[in-house]
$ cat start.cif   # mmCIF, C-alpha atoms
data_start
#
loop_
_atom_site.group_PDB
_atom_site.id
_atom_site.type_symbol
_atom_site.label_atom_id
_atom_site.label_comp_id
_atom_site.auth_asym_id
_atom_site.auth_seq_id
_atom_site.Cartn_x
_atom_site.Cartn_y
_atom_site.Cartn_z
ATOM 1 C CA MET R 1 70.040 238.663 23.892
ATOM 2 C CA SER R 2 69.316 240.064 27.351
ATOM 3 C CA PRO R 3 67.975 243.639 27.542
ATOM 4 C CA ASP R 4 71.030 244.870 29.420
ATOM 5 C CA GLY R 5 73.288 243.632 26.599
ATOM 6 C CA ALA R 6 71.326 245.018 23.668
ATOM 7 C CA GLY R 7 72.569 248.584 24.092
ATOM 8 C CA ALA R 8 76.235 247.597 23.954
ATOM 9 C CA ALA R 9 75.520 245.300 20.993
ATOM 10 C CA ILE R 10 73.899 248.148 19.045
ATOM 11 C CA VAL R 11 76.907 250.378 19.744
ATOM 12 C CA THR R 12 79.328 247.705 18.518
ATOM 13 C CA ASN R 13 77.235 247.028 15.424
ATOM 14 C CA VAL R 14 76.989 250.679 14.398
ATOM 15 C CA GLU R 15 80.731 251.178 14.929
ATOM 16 C CA ARG R 16 81.348 248.623 12.159
ATOM 17 C CA VAL R 17 79.918 251.211 9.776
ATOM 18 C CA VAL R 18 80.693 254.580 11.383
ATOM 19 C CA LEU R 19 84.428 254.460 12.010
ATOM 20 C CA GLY R 20 86.297 256.637 14.483
ATOM 21 C CA LYS R 21 83.251 258.176 16.182
ATOM 22 C CA PRO R 22 82.662 256.067 19.325
ATOM 23 C CA ALA R 23 81.444 258.953 21.492
ATOM 24 C CA GLN R 24 78.810 260.061 18.988
ATOM 25 C CA VAL R 25 77.601 256.512 18.387
ATOM 26 C CA ARG R 26 77.214 255.857 22.114
ATOM 27 C CA LEU R 27 75.257 259.103 22.572
ATOM 28 C CA VAL R 28 72.856 258.177 19.782
ATOM 29 C CA VAL R 29 72.253 254.720 21.249
ATOM 30 C CA ALA R 30 71.794 256.226 24.715
ATOM 31 C CA ALA R 31 69.061 258.460 23.297
ATOM 32 C CA LEU R 32 67.331 255.497 21.664
ATOM 33 C CA LEU R 33 67.358 253.615 24.976
ATOM 34 C CA ALA R 34 65.780 256.722 26.537
ATOM 35 C CA ARG R 35 62.944 256.590 23.955
ATOM 36 C CA GLY R 36 64.299 259.819 22.530
ATOM 37 C CA HIS R 37 64.631 261.149 19.011
ATOM 38 C CA VAL R 38 67.987 262.051 17.495
ATOM 39 C CA LEU R 39 69.173 265.012 15.432
ATOM 40 C CA ILE R 40 72.472 264.591 13.575
ATOM 41 C CA GLU R 41 73.816 267.977 12.494
ATOM 42 C CA ASP R 42 76.873 268.518 10.319
ATOM 43 C CA ALA R 43 78.120 269.409 6.863
ATOM 44 C CA PRO R 44 77.218 267.160 3.913
ATOM 45 C CA GLY R 45 79.314 264.089 3.278
ATOM 46 C CA VAL R 46 80.618 263.300 6.783
ATOM 47 C CA GLY R 47 78.318 260.329 7.476
ATOM 48 C CA LYS R 48 75.115 261.754 8.993
ATOM 49 C CA THR R 49 72.764 259.604 6.926
ATOM 50 C CA LEU R 50 75.114 256.638 7.231
ATOM 51 C CA LEU R 51 74.924 256.811 11.031
ATOM 52 C CA ALA R 52 71.134 257.067 10.978
ATOM 53 C CA LYS R 53 70.796 254.103 8.597
ATOM 54 C CA ALA R 54 73.223 251.971 10.620
ATOM 55 C CA VAL R 55 71.228 252.547 13.812
ATOM 56 C CA ALA R 56 67.942 251.853 12.032
ATOM 57 C CA ARG R 57 69.262 248.606 10.557
ATOM 58 C CA SER R 58 70.750 247.490 13.885
ATOM 59 C CA ILE R 59 67.443 247.639 15.743
ATOM 60 C CA GLY R 60 65.377 245.833 13.124
ATOM 61 C CA GLY R 61 61.730 246.631 12.570
ATOM 62 C CA THR R 62 60.381 248.700 9.712
ATOM 63 C CA VAL R 63 62.114 251.794 8.377
ATOM 64 C CA GLY R 64 60.624 254.770 6.556
ATOM 65 C CA ARG R 65 62.575 257.524 4.850
ATOM 66 C CA VAL R 66 61.725 261.131 4.022
ATOM 67 C CA GLN R 67 63.975 263.436 2.041
ATOM 68 C CA GLY R 68 63.626 267.058 3.086
ATOM 69 C CA THR R 69 62.840 269.301 0.111
ATOM 70 C CA ALA R 70 61.199 272.690 -0.281
ATOM 71 C CA ASP R 71 58.103 271.125 -1.888
ATOM 72 C CA LEU R 72 57.589 268.428 0.765
ATOM 73 C CA LEU R 73 54.041 268.463 2.177
ATOM 74 C CA PRO R 74 52.832 267.277 5.599
ATOM 75 C CA ALA R 75 50.751 264.585 3.872
ATOM 76 C CA ASP R 76 53.923 263.211 2.292
ATOM 77 C CA ILE R 77 55.021 262.335 5.840
ATOM 78 C CA THR R 78 51.801 261.439 7.665
ATOM 79 C CA GLY R 79 49.790 259.890 4.852
ATOM 80 C CA VAL R 80 46.426 260.838 3.338
ATOM 81 C CA THR R 81 42.752 259.997 3.561
ATOM 82 C CA ILE R 82 41.220 259.117 0.210
ATOM 83 C CA PHE R 83 37.736 258.084 -0.887
ATOM 84 C CA ASP R 84 37.473 254.425 -1.908
ATOM 85 C CA GLN R 85 34.989 254.290 -4.754
ATOM 86 C CA GLU R 86 34.365 250.550 -4.394
ATOM 87 C CA ARG R 87 33.642 250.615 -0.672
ATOM 88 C CA ARG R 88 32.072 254.066 -0.818
ATOM 89 C CA ASP R 89 34.018 255.022 2.277
ATOM 90 C CA TRP R 90 37.092 257.002 3.306
ATOM 91 C CA ASP R 91 40.350 255.073 3.616
ATOM 92 C CA PHE R 92 43.542 256.180 5.381
ATOM 93 C CA ARG R 93 46.777 255.460 3.518
ATOM 94 C CA PRO R 94 49.645 255.758 6.025
ATOM 95 C CA GLY R 95 52.819 257.597 5.055
ATOM 96 C CA PRO R 96 56.436 256.812 5.940
ATOM 97 C CA LEU R 97 55.808 258.102 9.481
ATOM 98 C CA PHE R 98 54.166 254.756 10.292
ATOM 99 C CA ASN R 99 57.352 252.788 10.796
ATOM 100 C CA HIS R 100 59.389 251.870 13.848
ATOM 101 C CA VAL R 101 62.177 254.130 12.583
ATOM 102 C CA LEU R 102 61.696 257.249 10.475
ATOM 103 C CA LEU R 103 64.822 258.602 8.825
ATOM 104 C CA VAL R 104 64.318 262.264 7.916
ATOM 105 C CA ASP R 105 67.220 263.303 5.725
ATOM 106 C CA GLU R 106 68.055 267.029 5.659
ATOM 107 C CA ILE R 107 65.075 267.979 7.812
ATOM 108 C CA ASN R 108 65.876 271.682 7.581
ATOM 109 C CA ARG R 109 65.481 271.656 3.805
ATOM 110 C CA ALA R 110 61.772 271.030 4.415
ATOM 111 C CA THR R 111 59.539 274.033 5.069
ATOM 112 C CA PRO R 112 58.243 274.754 8.589
ATOM 113 C CA ARG R 113 54.822 273.533 7.430
ATOM 114 C CA ALA R 114 56.242 270.122 6.520
ATOM 115 C CA GLN R 115 58.402 269.991 9.651
ATOM 116 C CA SER R 116 55.300 270.569 11.774
ATOM 117 C CA ALA R 117 53.942 267.171 10.696
ATOM 118 C CA LEU R 118 56.513 265.567 12.997
ATOM 119 C CA LEU R 119 55.722 267.467 16.202
ATOM 120 C CA GLU R 120 52.667 265.518 17.372
ATOM 121 C CA ALA R 121 54.225 262.195 16.387
ATOM 122 C CA MET R 122 57.492 262.850 18.226
ATOM 123 C CA ALA R 123 55.813 264.062 21.400
ATOM 124 C CA GLU R 124 52.810 261.765 21.687
ATOM 125 C CA GLY R 125 53.348 258.641 19.562
ATOM 126 C CA HIS R 126 50.345 259.228 17.359
ATOM 127 C CA VAL R 127 49.273 261.527 14.557
ATOM 128 C CA THR R 128 45.966 263.195 13.661
ATOM 129 C CA VAL R 129 44.937 263.264 10.012
ATOM 130 C CA ASP R 130 41.597 264.748 8.913
ATOM 131 C CA GLY R 131 40.346 264.682 12.475
ATOM 132 C CA SER R 132 41.156 261.014 13.103
ATOM 133 C CA GLN R 133 43.918 259.881 15.433
ATOM 134 C CA HIS R 134 46.253 257.086 14.322
ATOM 135 C CA ALA R 135 48.669 255.321 16.660
ATOM 136 C CA LEU R 136 52.281 254.854 15.585
ATOM 137 C CA PRO R 137 54.246 251.596 15.997
ATOM 138 C CA GLU R 138 56.075 250.882 19.252
ATOM 139 C CA PRO R 139 58.832 251.731 19.628
ATOM 140 C CA PHE R 140 58.826 254.800 17.384
ATOM 141 C CA LEU R 141 62.049 256.686 16.698
ATOM 142 C CA VAL R 142 62.890 259.689 14.530
ATOM 143 C CA LEU R 143 66.471 259.939 13.283
ATOM 144 C CA ALA R 144 66.852 263.265 11.496
ATOM 145 C CA THR R 145 69.854 264.826 9.800
ATOM 146 C CA GLN R 146 70.291 268.504 9.165
ATOM 147 C CA ASN R 147 72.829 270.690 7.428
ATOM 148 C CA PRO R 148 74.459 273.511 9.419
ATOM 149 C CA PHE R 149 72.270 276.474 10.317
ATOM 150 C CA GLY R 150 72.369 279.151 7.632
ATOM 151 C CA ASP R 151 73.210 276.911 4.656
ATOM 152 C CA ALA R 152 71.521 277.954 1.413
ATOM 153 C CA GLY R 153 68.048 276.508 0.989
ATOM 154 C CA THR R 154 67.462 275.642 4.641
ATOM 155 C CA PHE R 155 64.637 276.566 7.017
ATOM 156 C CA PRO R 156 65.613 276.833 10.707
ATOM 157 C CA LEU R 157 63.900 274.520 13.166
ATOM 158 C CA ILE R 158 61.850 276.305 15.812
ATOM 159 C CA ALA R 159 62.768 276.026 19.501
ATOM 160 C CA GLY R 160 59.797 273.734 20.215
ATOM 161 C CA GLU R 161 60.969 271.356 17.506
ATOM 162 C CA TYR R 162 64.539 271.293 18.794
ATOM 163 C CA ASP R 163 63.127 270.500 22.232
ATOM 164 C CA ARG R 164 61.554 267.297 20.929
ATOM 165 C CA PHE R 165 64.931 265.865 19.984
ATOM 166 C CA ALA R 166 66.500 264.147 22.986
ATOM 167 C CA VAL R 167 70.015 264.670 21.653
ATOM 168 C CA SER R 168 71.858 266.353 18.821
ATOM 169 C CA VAL R 169 75.276 265.121 17.730
ATOM 170 C CA SER R 170 77.830 266.388 15.232
ATOM 171 C CA LEU R 171 80.271 264.011 13.568
ATOM 172 C CA GLY R 172 82.981 266.279 12.188
ATOM 173 C CA LEU R 173 85.644 265.194 9.736
ATOM 174 C CA PRO R 174 87.289 261.795 10.230
ATOM 175 C CA GLY R 175 90.906 261.472 11.266
ATOM 176 C CA ARG R 176 93.504 260.716 8.618
ATOM 177 C CA GLU R 177 93.800 257.006 9.432
ATOM 178 C CA VAL R 178 90.020 256.579 9.572
ATOM 179 C CA GLU R 179 89.743 258.210 6.173
ATOM 180 C CA ARG R 180 92.441 255.830 4.933
ATOM 181 C CA GLU R 181 90.280 252.901 6.089
ATOM 182 C CA LEU R 182 87.352 254.341 4.135
ATOM 183 C CA LEU R 183 89.558 254.595 1.034
ATOM 184 C CA ARG R 184 90.373 250.911 1.459
ATOM 185 C CA GLY R 185 86.704 249.981 1.563
ATOM 186 C CA ASN R 186 86.420 249.372 5.304
ATOM 187 C CA GLY R 187 83.379 250.726 7.110
ATOM 188 C CA GLY R 188 81.048 253.134 5.325
ATOM 189 C CA ILE R 189 78.511 252.043 2.702
ATOM 190 C CA ALA R 190 80.152 248.668 2.105
ATOM 191 C CA ALA R 191 79.830 247.753 5.794
ATOM 192 C CA LEU R 192 76.251 249.068 5.920
ATOM 193 C CA ASP R 193 75.182 246.675 3.177
ATOM 194 C CA ALA R 194 76.470 243.753 5.256
ATOM 195 C CA LEU R 195 75.029 244.941 8.583
ATOM 196 C CA VAL R 196 72.432 242.723 10.259
ATOM 197 C CA PRO R 197 70.082 243.586 13.156
ATOM 198 C CA VAL R 198 71.239 242.745 16.656
ATOM 199 C CA THR R 199 67.765 243.122 18.170
ATOM 200 C CA ASP R 200 64.156 243.693 17.115
ATOM 201 C CA PRO R 201 61.430 246.149 18.188
ATOM 202 C CA ASN R 202 60.396 243.945 21.126
ATOM 203 C CA GLY R 203 64.010 243.582 22.224
ATOM 204 C CA LEU R 204 64.588 247.317 21.959
ATOM 205 C CA ALA R 205 61.425 248.023 23.957
ATOM 206 C CA ALA R 206 62.667 245.670 26.696
ATOM 207 C CA CYS R 207 66.027 247.431 26.708
ATOM 208 C CA GLN R 208 64.261 250.793 26.992
ATOM 209 C CA ARG R 209 62.294 249.568 30.006
ATOM 210 C CA GLU R 210 65.504 248.276 31.575
ATOM 211 C CA ALA R 211 67.192 251.647 31.073
ATOM 212 C CA ALA R 212 64.248 253.558 32.529
ATOM 213 C CA SER R 213 64.397 251.452 35.711
ATOM 214 C CA LEU R 214 68.066 252.140 36.515
ATOM 215 C CA HIS R 215 68.760 253.403 40.031
ATOM 216 C CA VAL R 216 69.301 257.156 40.413
ATOM 217 C CA ALA R 217 70.563 258.499 43.735
ATOM 218 C CA THR R 218 68.982 261.644 45.123
ATOM 219 C CA ALA R 219 72.346 263.420 44.771
ATOM 220 C CA VAL R 220 72.356 262.690 41.022
ATOM 221 C CA GLU R 221 68.781 263.977 40.712
ATOM 222 C CA ASP R 222 69.879 267.152 42.495
ATOM 223 C CA TYR R 223 72.801 267.475 40.088
ATOM 224 C CA VAL R 224 70.442 267.332 37.098
ATOM 225 C CA LEU R 225 68.191 269.941 38.705
ATOM 226 C CA ASP R 226 71.189 272.169 39.486
ATOM 227 C CA ILE R 227 72.211 272.055 35.814
ATOM 228 C CA ALA R 228 68.680 272.957 34.735
ATOM 229 C CA GLU R 229 68.621 275.889 37.138
ATOM 230 C CA ALA R 230 72.027 277.068 35.892
ATOM 231 C CA THR R 231 70.678 277.386 32.343
ATOM 232 C CA ARG R 232 67.831 279.522 33.657
ATOM 233 C CA ALA R 233 69.930 281.734 35.890
ATOM 234 C CA GLY R 234 72.018 283.358 33.191
ATOM 235 C CA SER R 235 75.215 281.410 33.809
ATOM 236 C CA THR R 236 75.469 280.954 30.033
ATOM 237 C CA ARG R 237 75.106 283.739 27.514
ATOM 238 C CA LEU R 238 73.031 281.535 25.196
ATOM 239 C CA ASN R 239 70.184 280.532 27.450
ATOM 240 C CA GLY R 240 67.836 283.209 26.083
ATOM 241 C CA GLU R 241 65.135 284.224 28.535
ATOM 242 C CA ARG R 242 63.879 280.770 29.444
ATOM 243 C CA GLY R 243 66.741 278.330 29.890
ATOM 244 C CA ILE R 244 65.911 274.688 29.277
ATOM 245 C CA SER R 245 62.398 273.311 29.623
ATOM 246 C CA PRO R 246 61.209 270.643 32.079
ATOM 247 C CA ARG R 247 61.100 268.312 29.056
ATOM 248 C CA ALA R 248 64.807 268.935 28.573
ATOM 249 C CA THR R 249 65.492 268.257 32.266
ATOM 250 C CA GLN R 250 63.697 264.925 31.958
ATOM 251 C CA SER R 251 65.611 264.141 28.771
ATOM 252 C CA LEU R 252 68.918 264.863 30.501
ATOM 253 C CA LEU R 253 68.284 262.224 33.152
ATOM 254 C CA ALA R 254 66.676 259.747 30.734
ATOM 255 C CA VAL R 255 69.606 259.917 28.306
ATOM 256 C CA ALA R 256 72.061 259.612 31.205
ATOM 257 C CA LYS R 257 70.230 256.395 32.144
ATOM 258 C CA GLY R 258 70.531 255.213 28.547
ATOM 259 C CA TYR R 259 74.227 256.028 28.570
ATOM 260 C CA ALA R 260 74.723 254.012 31.752
ATOM 261 C CA ALA R 261 72.760 251.141 30.208
ATOM 262 C CA THR R 262 75.147 250.949 27.234
ATOM 263 C CA THR R 263 77.872 250.036 29.722
ATOM 264 C CA GLY R 264 75.729 247.422 31.455
ATOM 265 C CA ARG R 265 75.712 249.411 34.703
ATOM 266 C CA GLY R 266 72.600 249.334 36.865
ATOM 267 C CA TYR R 267 72.845 252.877 38.221
ATOM 268 C CA VAL R 268 73.530 256.433 37.027
ATOM 269 C CA THR R 269 76.560 258.485 38.044
ATOM 270 C CA PRO R 270 77.341 262.195 37.684
ATOM 271 C CA ASP R 271 79.829 261.179 34.978
ATOM 272 C CA ASP R 272 76.920 259.818 32.916
ATOM 273 C CA VAL R 273 75.119 263.146 33.236
ATOM 274 C CA GLN R 274 78.228 265.064 32.194
ATOM 275 C CA ALA R 275 78.831 262.726 29.252
ATOM 276 C CA VAL R 276 75.422 263.447 27.725
ATOM 277 C CA ALA R 277 74.826 267.047 28.875
ATOM 278 C CA ASN R 278 76.208 268.743 25.775
ATOM 279 C CA ALA R 279 74.287 266.489 23.379
ATOM 280 C CA VAL R 280 71.051 267.024 25.316
ATOM 281 C CA LEU R 281 71.335 270.767 25.965
ATOM 282 C CA ALA R 282 73.332 272.536 23.235
ATOM 283 C CA HIS R 283 70.807 272.217 20.405
ATOM 284 C CA ARG R 284 68.031 273.457 22.673
ATOM 285 C CA MET R 285 70.028 276.598 23.437
ATOM 286 C CA GLN R 286 70.817 276.929 19.754
ATOM 287 C CA GLY R 287 67.103 276.814 19.040
ATOM 288 C CA ASP R 288 66.450 279.607 21.518
ATOM 289 C CA THR R 289 68.791 282.131 19.958
ATOM 290 C CA MET R 290 69.649 280.757 16.493
ATOM 291 C CA VAL R 291 73.370 280.704 17.164
ATOM 292 C CA GLY R 292 75.640 277.993 15.861
ATOM 293 C CA LEU R 293 75.860 274.601 17.521
ATOM 294 C CA THR R 294 79.576 275.063 18.170
ATOM 295 C CA ALA R 295 78.988 278.266 20.147
ATOM 296 C CA ALA R 296 76.111 276.671 22.054
ATOM 297 C CA SER R 297 78.280 273.664 22.907
ATOM 298 C CA ALA R 298 81.008 275.926 24.254
ATOM 299 C CA ALA R 299 78.463 277.707 26.421
ATOM 300 C CA VAL R 300 77.179 274.411 27.829
ATOM 301 C CA ALA R 301 80.736 273.344 28.689
ATOM 302 C CA GLU R 302 81.312 276.673 30.433
ATOM 303 C CA MET R 303 78.050 276.364 32.328
ATOM 304 C CA LEU R 304 78.882 272.855 33.557
ATOM 305 C CA THR R 305 82.040 274.152 35.245
ATOM 306 C CA SER R 306 79.875 276.371 37.441
ATOM 307 C CA VAL R 307 77.772 273.498 38.832
ATOM 308 C CA ALA R 308 79.148 271.512 41.752
ATOM 309 C CA VAL R 309 79.540 267.792 41.036
ATOM 310 C CA PRO R 310 78.240 265.525 43.833
ATOM 311 C CA THR R 311 80.185 262.630 45.275
ATOM 312 C CA VAL R 312 78.130 259.452 45.146
#

$ encode --input "start.cif" --output "structure tokens"
Amino acid sequence: MSPDGAGAAIVTNVERVVLGKPAQVRLVVAALLARGHVLIEDAPGVGKTLLAKAVARSIGGTVGRVQGTADLLPADITGVTIFDQERRDWDFRPGPLFNHVLLVDEINRATPRAQSALLEAMAEGHVTVDGSQHALPEPFLVLATQNPFGDAGTFPLIAGEYDRFAVSVSLGLPGREVERELLRGNGGIAALDALVPVTDPNGLAACQREAASLHVATAVEDYVLDIAEATRAGSTRLNGERGISPRATQSLLAVAKGYAATTGRGYVTPDDVQAVANAVLAHRMQGDTMVGLTAASAAVAEMLTSVAVPTV
């Protein structure tokens, strides 16, 4: 499969499992093509883990899984160094982090100490354990789910951690007819069991390179910068004191490229930027002020109306 077709194939594959959520599926795949990590936030039982597993299975490679709990330790994620009595030397035993895809289920049920084990890995592609640096596989993707902010037994993610997720999506309840299909055994777990990969780590890496090389007109770059400046100028009540970071600005354009790549287009339009803006920005504003994702999303939508859209 050619790199420019892999993105669309992943979208189609995942939609066999996650029914009735085409926009969310496309946003997740766009983030993966942008080499970004994904946070899926919603109430229990609406398909967060199902979506993460379907994406992981579609792109092949190795998959690790961590269940967020209050007693989870950083070493449970990164791995440990132990002394080998036979060799009389220290030996590193890698944890689930050392996979192409790491599924972190209910990340905000883990303590901040455990959550911190992901920060270096997500930002730099390696992890340091007992003073030694260990490279992670390429490509490396974190797909994390979290329950709504404020649920019992949860620990809020810090702003710096939110900023390392390229996008955050929320699934919401399915429509009546979609839920009927689930009752009839279509989609869902049954479809996941039958899902086969449509690419492999090398194919995904090629698709990521293809997405990164898409043409971006200067007017589209200016549009991204105008949006970033709007978050810092107080045009939204949820921007805190900082607005979005330069990392977020870069993510906005990178995910817009990924979104364009899922359509097979070789260039980015302002429509691509608008399509991904909420998923890229809202959770970062939520992290700044600890408001709900719904309120942050509304503020992003309001802010976008204040930024002039270029004609390209």

$ atom_distance --input "start.cif" --atom1 "atom CA of Val17 of chain R" --atom2 "atom CA of Glu41 of chain R"
18.0 Å

$ atom_distance --input "start.cif" --atom1 "atom CA of Leu33 of chain R" --atom2 "atom CA of Glu124 of chain R"
17.0 Å

$ closest_residue --input "start.cif" --among "R:Arg232, R:Ala248, R:Glu120, R:Ala34" --to "Ala260 of chain R" --atoms "all atoms listed in the file"
R:Ala34

$ residues_around --input "start.cif" --residues "Thr145 of chain R" --least-positions-apart "6" --cutoff "9 Å" --atoms "only C-alpha atoms" --output "NGL selection string"
:R and (38-42 or 48-49 or 52 or 103-108)

$ closest_residue --input "start.cif" --among "R:Leu281, R:Leu192, R:Leu27, R:Ala75" --to "Ala117 of chain R" --atoms "only C-alpha atoms"
R:Ala75

$ closest_atom_pairs --input "start.cif" --of "segment 138-252 of chain R" --to "segment 7-14 of chain R" --cutoff "8 Å" --atoms "all atoms listed in the file" --output "Markdown table"
| residue | atom | partner | partner_atom | distance |
| --- | --- | --- | --- | --- |
| R:Leu195 | CA | R:Asn13 | CA | 7.5 |
| R:Val198 | CA | R:Ile10 | CA | 6.5 |
| R:Thr199 | CA | R:Ile10 | CA | 8.0 |
| R:Cys207 | CA | R:Gly7 | CA | 7.1 |

$ residues_around --input "start.cif" --residues "Ala31 of chain R" --least-positions-apart "5" --cutoff "10 Å" --atoms "only C-alpha atoms" --output "list in words"
Arg26, Gly36, His37, Val38, Leu141, Phe165, Ala166, Val167, Ser168, Gln208, Ser251, Leu252, Ala254, Val255, Ala256, Lys257, Gly258, Tyr259, Val276, Ala279 and Val280 of chain R

$ closest_residue --input "start.cif" --among "R:Ser116, R:Ala135, R:Glu302, R:Glu86" --to "Asn278 of chain R" --atoms "all atoms listed in the file"
R:Glu302

$ resolve_selection --input "start.cif" --expression "the PyMOL selection byres ((chain R and resi 119) around 12)" --output "PyMOL selection string"
chain R and resi 37+74+77-78+97+112-118+120-128+142+157-165

$ write_last_selection --input "start.cif" --atoms "C-alpha atoms" --output "PDB file, in the frame of the given file"
ATOM      1  CA  HIS R  37      64.631 261.149  19.011  1.00  0.00           C
ATOM      2  CA  PRO R  74      52.832 267.277   5.599  1.00  0.00           C
ATOM      3  CA  ILE R  77      55.021 262.335   5.840  1.00  0.00           C
ATOM      4  CA  THR R  78      51.801 261.439   7.665  1.00  0.00           C
ATOM      5  CA  LEU R  97      55.808 258.102   9.481  1.00  0.00           C
ATOM      6  CA  PRO R 112      58.243 274.754   8.589  1.00  0.00           C
ATOM      7  CA  ARG R 113      54.822 273.533   7.430  1.00  0.00           C
ATOM      8  CA  ALA R 114      56.242 270.122   6.520  1.00  0.00           C
ATOM      9  CA  GLN R 115      58.402 269.991   9.651  1.00  0.00           C
ATOM     10  CA  SER R 116      55.300 270.569  11.774  1.00  0.00           C
ATOM     11  CA  ALA R 117      53.942 267.171  10.696  1.00  0.00           C
ATOM     12  CA  LEU R 118      56.513 265.567  12.997  1.00  0.00           C
ATOM     13  CA  GLU R 120      52.667 265.518  17.372  1.00  0.00           C
ATOM     14  CA  ALA R 121      54.225 262.195  16.387  1.00  0.00           C
ATOM     15  CA  MET R 122      57.492 262.850  18.226  1.00  0.00           C
ATOM     16  CA  ALA R 123      55.813 264.062  21.400  1.00  0.00           C
ATOM     17  CA  GLU R 124      52.810 261.765  21.687  1.00  0.00           C
ATOM     18  CA  GLY R 125      53.348 258.641  19.562  1.00  0.00           C
ATOM     19  CA  HIS R 126      50.345 259.228  17.359  1.00  0.00           C
ATOM     20  CA  VAL R 127      49.273 261.527  14.557  1.00  0.00           C
ATOM     21  CA  THR R 128      45.966 263.195  13.661  1.00  0.00           C
ATOM     22  CA  VAL R 142      62.890 259.689  14.530  1.00  0.00           C
ATOM     23  CA  LEU R 157      63.900 274.520  13.166  1.00  0.00           C
ATOM     24  CA  ILE R 158      61.850 276.305  15.812  1.00  0.00           C
ATOM     25  CA  ALA R 159      62.768 276.026  19.501  1.00  0.00           C
ATOM     26  CA  GLY R 160      59.797 273.734  20.215  1.00  0.00           C
ATOM     27  CA  GLU R 161      60.969 271.356  17.506  1.00  0.00           C
ATOM     28  CA  TYR R 162      64.539 271.293  18.794  1.00  0.00           C
ATOM     29  CA  ASP R 163      63.127 270.500  22.232  1.00  0.00           C
ATOM     30  CA  ARG R 164      61.554 267.297  20.929  1.00  0.00           C
ATOM     31  CA  PHE R 165      64.931 265.865  19.984  1.00  0.00           C
TER      32      PHE R 165
END

$ atom_distance --input "start.cif" --atom1 "atom CA of Gly188 of chain R" --atom2 "atom CA of Ala206 of chain R"
29.2 Å

$ residues_around --input "start.cif" --residues "Asn99 of chain R" --least-positions-apart "6" --cutoff "7 Å" --atoms "all atoms listed in the file" --output "PyMOL selection string"
chain R and resi 62-64+137

$ axis_aligned_box --input "start.cif" --around "segment 62-71 of chain R" --padding-each-side "8 Å" --output "lines of an AutoDock Vina configuration file"
center_x = 61.0
center_y = 260.7
center_z = 3.9
size_x = 21.9
size_y = 40.0
size_z = 27.6

$ residues_around --input "start.cif" --residues "Val309 of chain R" --least-positions-apart "3" --cutoff "10 Å" --atoms "all atoms listed in the file" --output "ChimeraX atom specification"
/R:219-220,222-224,226-227,270-271,274,304-306,312

$ build_atoms --input "start.cif" --residues "segment 97-109 of chain R" --atoms "N, CA and C atoms" --output "tab-separated table (two decimals), in the frame of the given file"
chain	number	residue	atom	x	y	z
R	97	LEU	N	55.78	257.90	8.03
R	97	LEU	CA	55.81	258.10	9.48
R	97	LEU	C	55.45	256.82	10.23
R	98	PHE	N	54.68	255.94	9.61
R	98	PHE	CA	54.17	254.76	10.29
R	98	PHE	C	55.14	253.58	10.18
R	99	ASN	N	56.32	253.80	10.71
R	99	ASN	CA	57.35	252.79	10.80
R	99	ASN	C	57.99	252.87	12.17
R	100	HIS	N	58.70	251.82	12.56
R	100	HIS	CA	59.39	251.87	13.85
R	100	HIS	C	60.47	252.95	13.85
R	101	VAL	N	61.13	253.12	12.71
R	101	VAL	CA	62.18	254.13	12.58
R	101	VAL	C	61.86	254.99	11.38
R	102	LEU	N	61.86	256.31	11.58
R	102	LEU	CA	61.70	257.25	10.48
R	102	LEU	C	62.99	258.02	10.30
R	103	LEU	N	63.62	257.85	9.17
R	103	LEU	CA	64.82	258.60	8.82
R	103	LEU	C	64.41	259.83	8.02
R	104	VAL	N	64.63	261.01	8.60
R	104	VAL	CA	64.32	262.26	7.92
R	104	VAL	C	65.64	262.89	7.50
R	105	ASP	N	65.94	262.82	6.23
R	105	ASP	CA	67.22	263.30	5.72
R	105	ASP	C	67.11	264.78	5.36
R	106	GLU	N	68.03	265.58	5.89
R	106	GLU	CA	68.06	267.03	5.66
R	106	GLU	C	66.72	267.67	6.05
R	107	ILE	N	66.36	267.49	7.31
R	107	ILE	CA	65.08	267.98	7.81
R	107	ILE	C	64.92	269.48	7.61
R	108	ASN	N	66.02	270.23	7.70
R	108	ASN	CA	65.88	271.68	7.58
R	108	ASN	C	65.85	272.17	6.13
R	109	ARG	N	65.80	271.25	5.17
R	109	ARG	CA	65.48	271.66	3.80
R	109	ARG	C	63.98	271.59	3.53
